[in-house]
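What follows is the content of protein29.txt, which has compact mmCIF, C-alpha atoms:
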# COMPACT_ATOMS: atom_id res chain seq x y z
CA MET A 1 6.03 26.89 -35.43
CA LYS A 2 9.41 26.97 -33.76
CA LEU A 3 10.75 23.60 -32.69
CA THR A 4 13.92 21.94 -31.54
CA VAL A 5 14.65 18.28 -32.09
CA THR A 6 17.78 16.64 -30.73
CA VAL A 7 19.13 14.73 -33.72
CA ASN A 8 22.06 12.38 -33.11
CA GLY A 9 22.83 14.28 -29.93
CA ASN A 10 22.77 17.75 -31.50
CA PRO A 11 19.86 20.14 -31.03
CA VAL A 12 18.39 21.24 -34.37
CA SER A 13 16.10 24.28 -34.14
CA ALA A 14 14.02 25.70 -36.96
CA GLU A 15 10.87 27.62 -37.78
CA VAL A 16 8.77 25.13 -39.74
CA GLU A 17 5.25 24.61 -41.05
CA ASP A 18 3.01 22.77 -38.59
CA ARG A 19 2.43 20.11 -41.25
CA LEU A 20 6.11 19.29 -41.78
CA LEU A 21 6.79 15.55 -41.51
CA LEU A 22 9.70 14.32 -39.41
CA VAL A 23 11.39 12.66 -42.40
CA HIS A 24 11.42 15.98 -44.27
CA PHE A 25 12.70 17.77 -41.18
CA LEU A 26 15.59 15.30 -41.02
CA ARG A 27 16.43 15.44 -44.73
CA GLU A 28 15.76 19.07 -45.58
CA VAL A 29 16.18 20.99 -42.33
CA ALA A 30 18.83 18.93 -40.55
CA GLY A 31 20.47 17.99 -43.87
CA LEU A 32 20.70 14.30 -42.98
CA THR A 33 19.77 12.25 -46.02
CA ALA A 34 20.52 8.70 -44.88
CA THR A 35 16.85 8.41 -43.90
CA ASN A 36 15.02 7.60 -47.13
CA VAL A 37 11.45 8.15 -48.23
CA GLY A 38 10.33 4.91 -49.84
CA CYS A 39 6.60 4.19 -50.00
CA ASP A 40 5.53 7.30 -48.07
CA THR A 41 2.59 5.26 -46.69
CA SER A 42 4.04 3.71 -43.48
CA SER A 43 4.57 0.38 -45.19
CA CYS A 44 8.19 0.01 -46.28
CA GLY A 45 10.23 1.19 -43.31
CA ALA A 46 12.94 2.94 -45.36
CA CYS A 47 12.34 6.04 -43.23
CA THR A 48 12.82 4.21 -39.90
CA VAL A 49 14.60 6.22 -37.19
CA LEU A 50 14.67 5.93 -33.43
CA LEU A 51 12.53 8.34 -31.40
CA ASP A 52 13.58 8.25 -27.76
CA GLY A 53 15.14 4.86 -28.50
CA GLN A 54 12.18 3.21 -30.25
CA SER A 55 11.94 2.54 -33.98
CA VAL A 56 9.34 4.69 -35.76
CA LYS A 57 8.48 5.51 -39.35
CA SER A 58 9.46 9.13 -39.78
CA CYS A 59 7.12 9.58 -42.79
CA THR A 60 4.19 9.05 -40.43
CA LEU A 61 5.16 11.51 -37.71
CA LEU A 62 4.89 15.25 -37.68
CA ALA A 63 8.14 16.97 -36.86
CA ALA A 64 6.13 18.64 -34.08
CA GLN A 65 5.59 15.23 -32.47
CA ALA A 66 9.38 14.92 -32.11
CA SER A 67 9.88 18.44 -30.76
CA GLY A 68 11.95 18.37 -27.58
CA ARG A 69 12.72 14.70 -28.04
CA GLU A 70 15.71 12.63 -29.19
CA VAL A 71 15.98 11.25 -32.70
CA LEU A 72 18.71 8.88 -33.83
CA THR A 73 19.37 8.36 -37.55
CA ALA A 74 21.85 6.14 -39.35
CA GLU A 75 24.30 9.05 -39.39
CA GLY A 76 24.37 8.99 -35.60
CA LEU A 77 25.32 5.33 -35.14
CA ALA A 78 29.06 5.45 -35.73
CA GLY A 79 31.43 6.20 -32.88
CA PRO A 80 33.30 9.50 -32.39
CA HIS A 81 36.19 8.40 -34.61
CA GLY A 82 34.03 6.95 -37.33
CA GLU A 83 34.09 3.37 -36.08
CA LEU A 84 31.01 1.58 -37.29
CA HIS A 85 28.26 0.48 -34.92
CA PRO A 86 28.23 -3.32 -34.48
CA VAL A 87 25.04 -3.55 -36.55
CA GLN A 88 26.67 -1.56 -39.35
CA GLN A 89 29.78 -3.73 -39.14
CA ALA A 90 27.66 -6.85 -39.31
CA PHE A 91 25.72 -5.60 -42.35
CA ARG A 92 29.06 -5.06 -44.11
CA ALA A 93 30.57 -8.37 -43.03
CA GLU A 94 27.46 -10.39 -43.95
CA HIS A 95 26.72 -8.42 -47.13
CA GLY A 96 23.36 -7.38 -45.70
CA LEU A 97 22.50 -5.09 -48.60
CA GLN A 98 22.13 -5.08 -52.34
CA CYS A 99 21.00 -1.72 -53.76
CA GLY A 100 21.20 -0.15 -50.29
CA PHE A 101 18.01 1.89 -50.38
CA CYS A 102 16.32 0.04 -47.52
CA THR A 103 19.56 -0.27 -45.55
CA PRO A 104 19.39 2.76 -43.25
CA GLY A 105 15.87 1.78 -42.22
CA MET A 106 16.84 -1.87 -41.83
CA VAL A 107 19.82 -0.93 -39.68
CA MET A 108 17.74 1.34 -37.44
CA ALA A 109 15.01 -1.30 -37.12
CA ALA A 110 17.72 -3.79 -36.17
CA VAL A 111 19.19 -1.48 -33.54
CA SER A 112 15.73 -1.07 -32.00
CA LEU A 113 15.07 -4.81 -32.21
CA LEU A 114 18.34 -5.66 -30.43
CA ALA A 115 17.70 -3.03 -27.76
CA GLU A 116 14.41 -4.74 -26.92
CA ASN A 117 15.66 -8.31 -27.43
CA PRO A 118 19.46 -8.59 -27.30
CA SER A 119 19.54 -12.29 -28.16
CA PRO A 120 16.79 -12.90 -30.70
CA THR A 121 16.17 -16.16 -32.51
CA GLU A 122 16.14 -16.12 -36.29
CA GLU A 123 12.35 -16.24 -36.16
CA GLU A 124 12.27 -13.23 -33.83
CA VAL A 125 14.59 -11.31 -36.15
CA ARG A 126 12.33 -12.02 -39.10
CA ALA A 127 9.24 -10.98 -37.12
CA GLY A 128 11.07 -7.88 -35.93
CA LEU A 129 11.63 -6.84 -39.56
CA GLU A 130 7.94 -7.04 -40.48
CA GLY A 131 7.88 -3.29 -40.94
CA ASN A 132 10.81 -3.12 -43.36
CA LEU A 133 10.73 -4.13 -47.01
CA CYS A 134 13.78 -4.93 -49.17
CA ARG A 135 12.73 -4.86 -52.82
CA CYS A 136 15.98 -6.58 -53.80
CA THR A 137 14.59 -9.35 -51.54
CA GLY A 138 17.94 -9.61 -49.80
CA TYR A 139 16.40 -10.68 -46.53
CA HIS A 140 18.58 -13.71 -45.81
CA ASN A 141 21.80 -11.73 -45.43
CA ILE A 142 20.04 -8.98 -43.49
CA VAL A 143 18.81 -11.57 -41.01
CA ARG A 144 22.30 -13.11 -40.87
CA ALA A 145 23.80 -9.70 -40.20
CA ILE A 146 21.43 -8.99 -37.31
CA LEU A 147 22.03 -12.40 -35.78
CA ALA A 148 25.80 -11.82 -36.13
CA ALA A 149 25.49 -8.41 -34.46
CA SER A 150 23.46 -9.92 -31.63
CA SER A 151 26.12 -12.53 -30.93
CA GLN A 152 28.76 -9.87 -30.23
CA PRO A 153 28.84 -8.68 -26.62
CA ALA A 154 29.60 -5.18 -27.89
CA GLY A 155 26.52 -5.31 -30.08
CA LYS A 156 24.34 -6.02 -27.08
CA GLU A 157 25.84 -3.22 -25.06
CA GLN A 158 25.59 -0.69 -27.83
CA ALA A 159 22.26 -1.80 -29.22
CA GLY A 160 20.45 0.84 -27.22
CA MET B 1 2.64 13.28 -49.77
CA ILE B 2 2.13 16.34 -47.62
CA PRO B 3 -0.89 17.03 -45.40
CA ALA B 4 -2.99 20.11 -46.09
CA THR B 5 -2.21 23.04 -43.82
CA PHE B 6 -3.53 22.95 -40.27
CA THR B 7 -2.78 24.47 -36.90
CA TYR B 8 -0.94 22.21 -34.48
CA LEU B 9 -1.70 22.52 -30.76
CA ARG B 10 -0.22 20.34 -28.04
CA ALA B 11 -2.12 19.57 -24.87
CA GLY B 12 -0.29 19.27 -21.57
CA SER B 13 -3.20 17.71 -19.69
CA VAL B 14 -6.57 16.12 -20.34
CA ASP B 15 -8.28 19.31 -19.18
CA GLU B 16 -6.22 21.38 -21.59
CA ALA B 17 -6.96 18.93 -24.41
CA LEU B 18 -10.70 19.28 -23.81
CA ASP B 19 -10.37 23.06 -23.64
CA LEU B 20 -8.35 23.24 -26.87
CA ILE B 21 -10.75 21.00 -28.79
CA ALA B 22 -13.78 22.91 -27.51
CA ARG B 23 -12.28 26.18 -28.74
CA SER B 24 -11.17 24.81 -32.12
CA GLY B 25 -14.49 24.21 -33.87
CA ASP B 26 -15.89 21.13 -35.57
CA GLU B 27 -12.92 20.64 -37.90
CA ALA B 28 -10.50 19.79 -35.12
CA LYS B 29 -9.09 16.35 -34.41
CA PHE B 30 -7.23 14.76 -31.54
CA LEU B 31 -3.86 13.28 -32.51
CA ALA B 32 -2.56 10.40 -30.38
CA GLY B 33 0.11 8.22 -32.00
CA GLY B 34 -0.98 9.49 -35.39
CA HIS B 35 -0.78 6.17 -37.16
CA SER B 36 -4.32 6.31 -38.47
CA LEU B 37 -4.79 10.09 -38.70
CA VAL B 38 -1.48 11.18 -40.25
CA PRO B 39 -1.73 8.72 -43.19
CA LEU B 40 -5.26 9.96 -43.86
CA MET B 41 -4.05 13.56 -43.68
CA LYS B 42 -1.24 12.79 -46.13
CA LEU B 43 -3.81 11.35 -48.54
CA ARG B 44 -6.00 14.40 -47.79
CA LEU B 45 -8.86 12.10 -46.91
CA ALA B 46 -8.75 13.91 -43.56
CA VAL B 47 -8.32 17.69 -43.69
CA PRO B 48 -8.62 18.97 -40.13
CA GLU B 49 -8.14 22.68 -39.53
CA VAL B 50 -6.75 22.09 -36.06
CA VAL B 51 -4.85 19.11 -34.66
CA VAL B 52 -4.73 18.78 -30.88
CA ASP B 53 -1.79 16.54 -30.00
CA ILE B 54 -2.56 14.44 -26.92
CA GLY B 55 0.40 12.13 -27.54
CA ARG B 56 2.34 13.25 -24.46
CA LEU B 57 -0.40 12.86 -21.88
CA GLY B 58 1.35 10.28 -19.74
CA GLU B 59 -1.66 10.33 -17.43
CA LEU B 60 -3.53 8.36 -20.13
CA ALA B 61 -0.91 5.61 -20.59
CA TYR B 62 -1.41 2.85 -18.02
CA ILE B 63 -2.64 -0.68 -17.47
CA ARG B 64 -4.14 -1.32 -14.03
CA GLY B 65 -5.96 -4.15 -12.38
CA GLU B 66 -8.95 -2.89 -10.38
CA GLY B 67 -11.49 -5.11 -8.68
CA GLY B 68 -13.50 -6.88 -11.31
CA HIS B 69 -11.91 -5.25 -14.34
CA ILE B 70 -8.69 -4.12 -15.97
CA SER B 71 -8.36 -0.42 -16.83
CA VAL B 72 -6.29 0.53 -19.86
CA GLY B 73 -5.46 4.17 -20.52
CA ALA B 74 -6.40 5.25 -24.04
CA LEU B 75 -2.84 6.32 -24.87
CA THR B 76 -1.32 2.93 -24.10
CA SER B 77 0.65 1.83 -27.15
CA HIS B 78 0.20 -1.51 -28.88
CA HIS B 79 3.81 -2.22 -27.92
CA ASP B 80 3.07 -1.72 -24.23
CA LEU B 81 -0.14 -3.78 -24.43
CA ALA B 82 1.79 -6.62 -26.05
CA ARG B 83 4.53 -6.53 -23.39
CA SER B 84 2.33 -6.13 -20.32
CA SER B 85 2.71 -8.97 -17.84
CA LEU B 86 -0.62 -7.99 -16.27
CA LEU B 87 -2.40 -8.40 -19.61
CA ALA B 88 -0.47 -11.58 -20.41
CA GLY B 89 -1.94 -13.06 -17.23
CA GLU B 90 -5.39 -11.50 -17.15
CA LEU B 91 -6.27 -10.61 -20.76
CA PRO B 92 -4.00 -12.63 -23.04
CA LEU B 93 -6.40 -12.04 -25.95
CA LEU B 94 -5.70 -8.31 -25.84
CA ALA B 95 -1.94 -8.70 -25.35
CA HIS B 96 -1.69 -11.16 -28.22
CA ALA B 97 -3.92 -9.20 -30.61
CA ALA B 98 -1.92 -6.04 -29.89
CA SER B 99 1.27 -7.92 -30.78
CA GLN B 100 -0.25 -8.65 -34.20
CA VAL B 101 -1.13 -5.04 -35.10
CA GLY B 102 0.92 -3.63 -37.98
CA ASP B 103 4.65 -3.94 -37.40
CA PRO B 104 7.08 -3.00 -34.60
CA GLN B 105 7.34 0.64 -35.67
CA VAL B 106 3.56 1.00 -35.85
CA ARG B 107 3.16 -0.70 -32.47
CA HIS B 108 5.61 1.74 -30.89
CA ARG B 109 3.42 4.67 -31.93
CA GLY B 110 -0.13 3.39 -32.35
CA THR B 111 -2.43 3.50 -29.33
CA ILE B 112 -5.47 1.49 -28.27
CA GLY B 113 -7.59 4.62 -27.95
CA GLY B 114 -6.57 5.88 -31.37
CA SER B 115 -7.36 2.55 -32.95
CA LEU B 116 -10.82 2.39 -31.36
CA ALA B 117 -11.72 6.02 -32.09
CA HIS B 118 -10.65 5.56 -35.72
CA ALA B 119 -13.29 2.79 -35.95
CA ASP B 120 -11.82 0.99 -38.92
CA PRO B 121 -13.72 -2.31 -39.27
CA ALA B 122 -10.52 -3.88 -40.64
CA ALA B 123 -8.59 -3.02 -37.47
CA ASP B 124 -7.91 -5.75 -34.93
CA LEU B 125 -8.64 -4.14 -31.57
CA PRO B 126 -12.24 -3.01 -32.18
CA ALA B 127 -13.38 -6.63 -32.61
CA VAL B 128 -11.28 -7.65 -29.62
CA MET B 129 -13.18 -5.06 -27.55
CA LEU B 130 -16.47 -6.72 -28.58
CA ALA B 131 -15.15 -10.15 -27.65
CA LEU B 132 -14.03 -8.80 -24.27
CA ASP B 133 -17.27 -6.85 -23.63
CA ALA B 134 -15.25 -3.70 -22.91
CA VAL B 135 -16.62 -0.34 -21.78
CA LEU B 136 -15.16 2.83 -23.28
CA VAL B 137 -14.86 5.79 -20.93
CA THR B 138 -14.86 9.32 -22.32
CA GLN B 139 -14.51 12.89 -21.13
CA ARG B 140 -16.11 16.06 -22.49
CA PRO B 141 -16.07 19.60 -21.23
CA SER B 142 -19.63 18.93 -20.08
CA GLY B 143 -18.73 15.65 -18.34
CA GLY B 144 -17.91 12.10 -19.22
CA ARG B 145 -19.78 8.91 -19.99
CA SER B 146 -19.26 5.17 -20.33
CA ILE B 147 -20.10 3.53 -23.64
CA PRO B 148 -20.34 -0.26 -24.04
CA ALA B 149 -18.19 -1.42 -26.97
CA ALA B 150 -21.32 -2.92 -28.53
CA GLU B 151 -22.74 0.63 -28.86
CA PHE B 152 -19.51 2.42 -29.73
CA PHE B 153 -18.97 1.42 -33.37
CA ARG B 154 -21.61 3.05 -35.55
CA GLY B 155 -20.38 2.66 -39.13
CA LEU B 156 -17.38 2.79 -41.42
CA PHE B 157 -14.83 4.95 -39.57
CA GLU B 158 -17.71 6.22 -37.46
CA CYS B 159 -17.96 5.88 -33.70
CA ALA B 160 -20.09 7.28 -30.89
CA LEU B 161 -17.63 10.03 -29.95
CA GLU B 162 -18.77 13.62 -30.32
CA PRO B 163 -16.31 16.09 -31.88
CA ASP B 164 -15.35 17.49 -28.46
CA GLU B 165 -15.24 14.12 -26.71
CA LEU B 166 -12.03 12.34 -25.73
CA LEU B 167 -11.74 8.60 -25.21
CA THR B 168 -9.68 8.30 -22.03
CA GLU B 169 -9.95 4.73 -20.74
CA ILE B 170 -11.02 1.24 -21.69
CA ARG B 171 -12.44 -0.94 -18.92
CA ILE B 172 -12.42 -4.65 -19.53
CA PRO B 173 -14.13 -7.09 -17.19
CA ARG B 174 -12.01 -10.01 -16.07
CA PRO B 175 -13.20 -12.81 -18.39
CA ALA B 176 -15.44 -15.43 -16.83
CA ALA B 177 -14.28 -18.07 -19.30
CA ALA B 178 -10.58 -18.48 -19.94
CA GLY B 179 -10.50 -19.87 -23.47
CA TRP B 180 -9.40 -17.31 -26.04
CA SER B 181 -8.02 -17.02 -29.55
CA PHE B 182 -7.22 -14.39 -32.14
CA GLN B 183 -6.94 -15.44 -35.75
CA LYS B 184 -6.33 -13.14 -38.66
CA PHE B 185 -5.57 -13.71 -42.29
CA THR B 186 -3.33 -11.30 -44.16
CA LYS B 187 -1.21 -11.45 -47.29
CA ARG B 188 1.68 -9.59 -45.67
CA ALA B 189 2.40 -9.33 -41.95
CA ILE B 190 1.87 -5.57 -41.90
CA ASP B 191 -1.48 -5.59 -43.69
CA TRP B 192 -4.91 -5.15 -42.19
CA ALA B 193 -6.79 -8.38 -41.73
CA ILE B 194 -8.68 -9.59 -44.79
CA VAL B 195 -10.78 -11.29 -42.11
CA GLY B 196 -10.09 -11.82 -38.42
CA VAL B 197 -11.82 -13.63 -35.56
CA ALA B 198 -11.49 -12.92 -31.82
CA VAL B 199 -12.83 -15.37 -29.25
CA GLN B 200 -13.10 -15.02 -25.48
CA GLY B 201 -15.13 -17.77 -23.82
CA GLY B 202 -18.49 -17.87 -25.60
CA ARG B 203 -18.12 -14.45 -27.25
CA VAL B 204 -17.01 -14.39 -30.88
CA ALA B 205 -16.25 -11.20 -32.84
CA LEU B 206 -15.33 -10.60 -36.45
CA VAL B 207 -12.83 -8.24 -38.08
CA ASN B 208 -13.63 -6.81 -41.53
CA MET B 209 -16.91 -8.63 -42.13
CA GLY B 210 -19.05 -5.47 -42.33
CA SER B 211 -18.91 -1.71 -41.90
CA THR B 212 -18.29 -2.17 -38.17
CA PRO B 213 -16.70 -4.92 -36.11
CA LEU B 214 -19.40 -7.52 -35.48
CA ARG B 215 -20.35 -10.14 -32.94
CA ALA B 216 -20.85 -13.50 -34.64
CA SER B 217 -24.22 -13.97 -32.95
CA ALA B 218 -25.20 -17.13 -34.80
CA VAL B 219 -21.94 -18.80 -33.76
CA GLU B 220 -22.45 -17.73 -30.15
CA GLN B 221 -26.00 -19.06 -30.13
CA ALA B 222 -24.87 -22.38 -31.59
CA LEU B 223 -22.16 -22.66 -28.94
CA ALA B 224 -24.65 -21.81 -26.20
CA ALA B 225 -26.94 -24.52 -27.52
CA GLY B 226 -24.14 -27.03 -27.17
CA ALA B 227 -22.85 -27.25 -30.74
CA PRO B 228 -19.25 -28.42 -31.08
CA PRO B 229 -16.77 -25.78 -32.33
CA GLY B 230 -16.69 -27.05 -35.90
CA ALA B 231 -20.47 -26.96 -36.28
CA ALA B 232 -20.77 -23.57 -34.60
CA ALA B 233 -18.09 -22.05 -36.84
CA ALA B 234 -20.18 -22.89 -39.92
CA HIS B 235 -22.46 -20.00 -38.89
CA ALA B 236 -19.65 -17.41 -38.83
CA ALA B 237 -20.75 -15.46 -41.90
CA GLU B 238 -24.46 -15.30 -41.02
CA GLY B 239 -25.74 -11.77 -40.65
CA THR B 240 -22.56 -10.20 -42.01
CA SER B 241 -22.04 -7.90 -44.99
CA PRO B 242 -18.39 -8.28 -45.90
CA PRO B 243 -16.79 -5.75 -48.24
CA THR B 244 -15.33 -6.28 -51.69
CA ASP B 245 -11.83 -5.01 -52.31
CA LEU B 246 -8.56 -6.08 -53.93
CA ASN B 247 -8.16 -8.79 -51.34
CA GLY B 248 -11.39 -10.60 -52.01
CA ASP B 249 -15.12 -10.64 -52.53
CA PRO B 250 -17.85 -11.35 -49.95
CA ALA B 251 -17.98 -15.06 -50.71
CA TYR B 252 -14.24 -15.41 -50.14
CA ARG B 253 -14.48 -13.47 -46.88
CA ALA B 254 -17.41 -15.60 -45.75
CA HIS B 255 -15.29 -18.68 -46.38
CA LEU B 256 -12.39 -17.17 -44.44
CA ALA B 257 -14.68 -16.28 -41.55
CA ARG B 258 -15.90 -19.88 -41.25
CA VAL B 259 -12.38 -21.31 -41.47
CA LEU B 260 -10.87 -18.82 -39.03
CA ALA B 261 -13.78 -19.17 -36.61
CA GLY B 262 -13.25 -22.93 -36.64
CA ARG B 263 -9.56 -22.50 -35.84
CA ALA B 264 -10.27 -19.87 -33.19
CA LEU B 265 -12.92 -21.94 -31.41
CA ALA B 266 -10.69 -25.02 -31.45
CA GLU B 267 -7.78 -23.04 -30.05
CA ALA B 268 -9.97 -21.37 -27.43
CA ALA B 269 -11.34 -24.76 -26.38
CA SER B 270 -7.80 -26.05 -25.97
CA ARG B 271 -7.07 -23.14 -23.63
CA GLY B 272 -10.29 -23.32 -21.67
Translate this structure into structure tokens?
Amino acid sequence: MKLTVTVNGNPVSAEVEDRLLLVHFLREVAGLTATNVGCDTSSCGACTVLLDGQSVKSCTLLAAQASGREVLTAEGLAGPHGELHPVQQAFRAEHGLQCGFCTPGMVMAAVSLLAENPSPTEEEVRAGLEGNLCRCTGYHNIVRAILAASSQPAGKEQAG
Amino acid sequence: MIPATFTYLRAGSVDEALDLIARSGDEAKFLAGGHSLVPLMKLRLAVPEVVVDIGRLGELAYIRGEGGHISVGALTSHHDLARSSLLAGELPLLAHAASQVGDPQVRHRGTIGGSLAHADPAADLPAVMLALDAVLVTQRPSGGRSIPAAEFFRGLFECALEPDELLTEIRIPRPAAAGWSFQKFTKRAIDWAIVGVAVQGGRVALVNMGSTPLRASAVEQALAAGAPPGAAAAHAAEGTSPPTDLNGDPAYRAHLARVLAGRALAEAASRG
């Protein structure tokens, strides 16, 4: 089938198999490899991207389900001159990563979380990360990073 | 993991969805949010020849108060159920249970209709439908029908829907008794319930205590006869046939059912 997905603001068109998963469309067709395949069973959240502004697990969507819609990946967060998104800045400042494999998914889940709840409590941040696993178990600094991002006015404005 | 090949069709209306499914043979499936079907297709436990995507039928995503009941469109996401102020006021059991399904990403995509049609006895919302005495409304090319939740779940992953039949709406009577609770026990937040209990007034339903969601009839009878919550909850495992899996054996699940029913009845009483 022929489809077009707007990825990070740019339309990406391709002729693909009907069964192609969104995560493979992003990695192999669009060439954007920040989005990782972790468990491949909708559990770990490493493949989290935003679909029309909401966090989703791109290993559990068909590319066809995103046709004509907007997808945002970690590559699309930074500003036009490479300035990091407030959530990215906060992950760096708070050392919110260890091996880094879960990070793109964590960051995208955090962006979605802050869009829905700009001033979450620590408990709400932890509940909001239920769908993302960090096998380094580095959760404390990830939570700190998201709380730090939420406390910046710019983070609230740009969370969406 | 990659699904087996299939033909993808997208419906632009309910009528078109019914037309596409009718023309696609018995090996066609409706796709809503895809959070039950796509994982099964990746595991090749489901191998449909045709997938009819109904995920963009906005006409099936709504929550409306009407007379004596609340109508919920089958494509309403768990996220929207959980955030509905109407449900928070009128059907807090449904809003709360929806907020406990999976994780935020799953709740953004998963739908109430998809969850019910999938008929997984370990899923939360099927038992909630029993506790709320819901009616499931369907459409077929030959006309629609209304199916009481108590008659909808037929077996493991088996429901009353015919291959060409689309679940379009869930109608839930406004509860006569206000007390409610939803308790589920999981090892990780995102897991299916090892056991769950939903209570609305005097109705008690069980998650994952058999091949379908079940009413805890013995508990309900004890309550009706005037038993206090603790004594009634002791009957929670009667008449059930809980599964064995990595999470536990039937005896463990029976224990969980009694404990969770006790907590649920106590919480419901505190809200009544």
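Restricting the calculation to all atoms listed in the file, the smallest distance between Val56 of chain A and any of B:Gly262, B:Pro228, B:Gly33, B:Gly179 is found for B:Gly33.
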Please report as an NGL selection string which residues of chain B come no farther than 9 Å from chain A, using all atoms listed in the file.
:B and (1-8 or 10 or 33-35 or 38-39 or 42 or 53 or 55-56 or 102-109 or 188-191)
Can you list, as number ranges by chain, every protein, DNA or RNA residue that comes within 8 Å of segment 251-261 of chain B when you count all atoms listed in the file, leaving out same-chain residues fewer than 3 positions away?
B: 183-185, 194-197, 206, 209, 233-237, 242, 248, 264-265
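Between atom CA of Arg44 of chain B and atom CA of Cys134 of chain A there is a distance of 27.7 Å.
Taking atom CA of Arg174 of chain B and atom CA of Gly89 of chain B as the two end points, the separation is 10.6 Å.
Computed from the coordinates, the atom CA of Ala66 of chain A to atom CA of Ala61 of chain B distance equals 18.0 Å.
Look at Ala123 of chain B: the protein and nucleic acid residues within 10 Å of it, using all atoms listed in the file and passing over chain neighbours fewer than 3 places away, are Val101, Gly102, Ser115, Leu116, His118, Ala119, Asp120, Pro126, Ala127, Val128, Asp191, Trp192, Ala193, Ile194, Val195, Gly196, Val207, Asn208, Thr212 and Pro213 of chain B.
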Keeping C-alpha atoms for every residue in the selection just given, could you write it to a file as a compact mmCIF listing (two decimals), in the coordinates of the input?
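The new file result-v3.txt reads:
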# COMPACT_ATOMS: atom_id res chain seq x y z
CA VAL B 101 -1.13 -5.04 -35.10
CA GLY B 102 0.92 -3.63 -37.98
CA SER B 115 -7.36 2.55 -32.95
CA LEU B 116 -10.82 2.39 -31.36
CA HIS B 118 -10.65 5.56 -35.72
CA ALA B 119 -13.29 2.79 -35.95
CA ASP B 120 -11.82 0.99 -38.92
CA PRO B 126 -12.24 -3.01 -32.18
CA ALA B 127 -13.38 -6.63 -32.61
CA VAL B 128 -11.28 -7.65 -29.62
CA ASP B 191 -1.48 -5.59 -43.69
CA TRP B 192 -4.91 -5.15 -42.19
CA ALA B 193 -6.79 -8.38 -41.73
CA ILE B 194 -8.68 -9.59 -44.79
CA VAL B 195 -10.78 -11.29 -42.11
CA GLY B 196 -10.09 -11.82 -38.42
CA VAL B 207 -12.83 -8.24 -38.08
CA ASN B 208 -13.63 -6.81 -41.53
CA THR B 212 -18.29 -2.17 -38.17
CA PRO B 213 -16.70 -4.92 -36.11
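Counting only C-alpha atoms, Pro141 of chain B has the following residues at most 9 Å away, ignoring those fewer than 3 positions along the same chain: B:Asp15, B:Leu18, B:Asp19, B:Ala22, B:Gly144, B:Asp164, B:Glu165.
With all atoms listed in the file as the basis for measurement, B:Ile170 is the residue among B:Gln139, B:Ile170, B:Ile54, B:Gly114 that approaches Ile70 of chain B most closely.
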Excluding Gly68 of chain A and any residue of its chain fewer than 5 positions from it, enumerate the residues within 9 Å of it, using all atoms listed in the file, and give them as an NGL selection string.
:A and (3-6 or 11)
All residues 12 Å or closer to Gly58 of chain B, only C-alpha atoms, same chain fewer than 4 positions away omitted, as a PyMOL selection string:
chain B and resi 11-14+32+54+62-63+73-77+168
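In this comparison, which uses all atoms listed in the file, the residue of B:Gly143, B:Arg171, B:Pro121, B:Phe152 approaching Gly68 of chain B most closely is B:Arg171.
Comparing the minimum interatomic distances between Asn10 of chain A and each of A:Thr33, A:Thr73, A:Asn117, A:Gln89, counting only C-alpha atoms, we find that A:Thr73 sits nearest.
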Just so I have it separately, write segment 50-67 of chain A from the block I sent, keeping C-alpha atoms, as a CSV table (one decimal), in the first residue's frame.
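Written out: selection_26.csv:
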chain,number,residue,atom,x,y,z
A,50,LEU,CA,3.8,10.4,19.9
A,51,LEU,CA,0.9,9.9,17.4
A,52,ASP,CA,-1.1,13.1,17.1
A,53,GLY,CA,0.4,14.2,20.4
A,54,GLN,CA,-0.3,11.1,22.4
A,55,SER,CA,2.3,8.5,23.5
A,56,VAL,CA,1.9,5.1,21.8
A,57,LYS,CA,4.0,2.0,21.4
A,58,SER,CA,5.1,2.0,17.8
A,59,CYS,CA,5.8,-1.8,17.9
A,60,THR,CA,2.0,-2.3,18.4
A,61,LEU,CA,0.7,-0.1,15.6
A,62,LEU,CA,0.6,-0.8,11.9
A,63,ALA,CA,2.2,1.9,9.8
A,64,ALA,CA,-1.1,2.0,8.0
A,65,GLN,CA,-2.8,3.2,11.3
A,66,ALA,CA,-0.5,6.2,11.2
A,67,SER,CA,-1.1,7.0,7.6
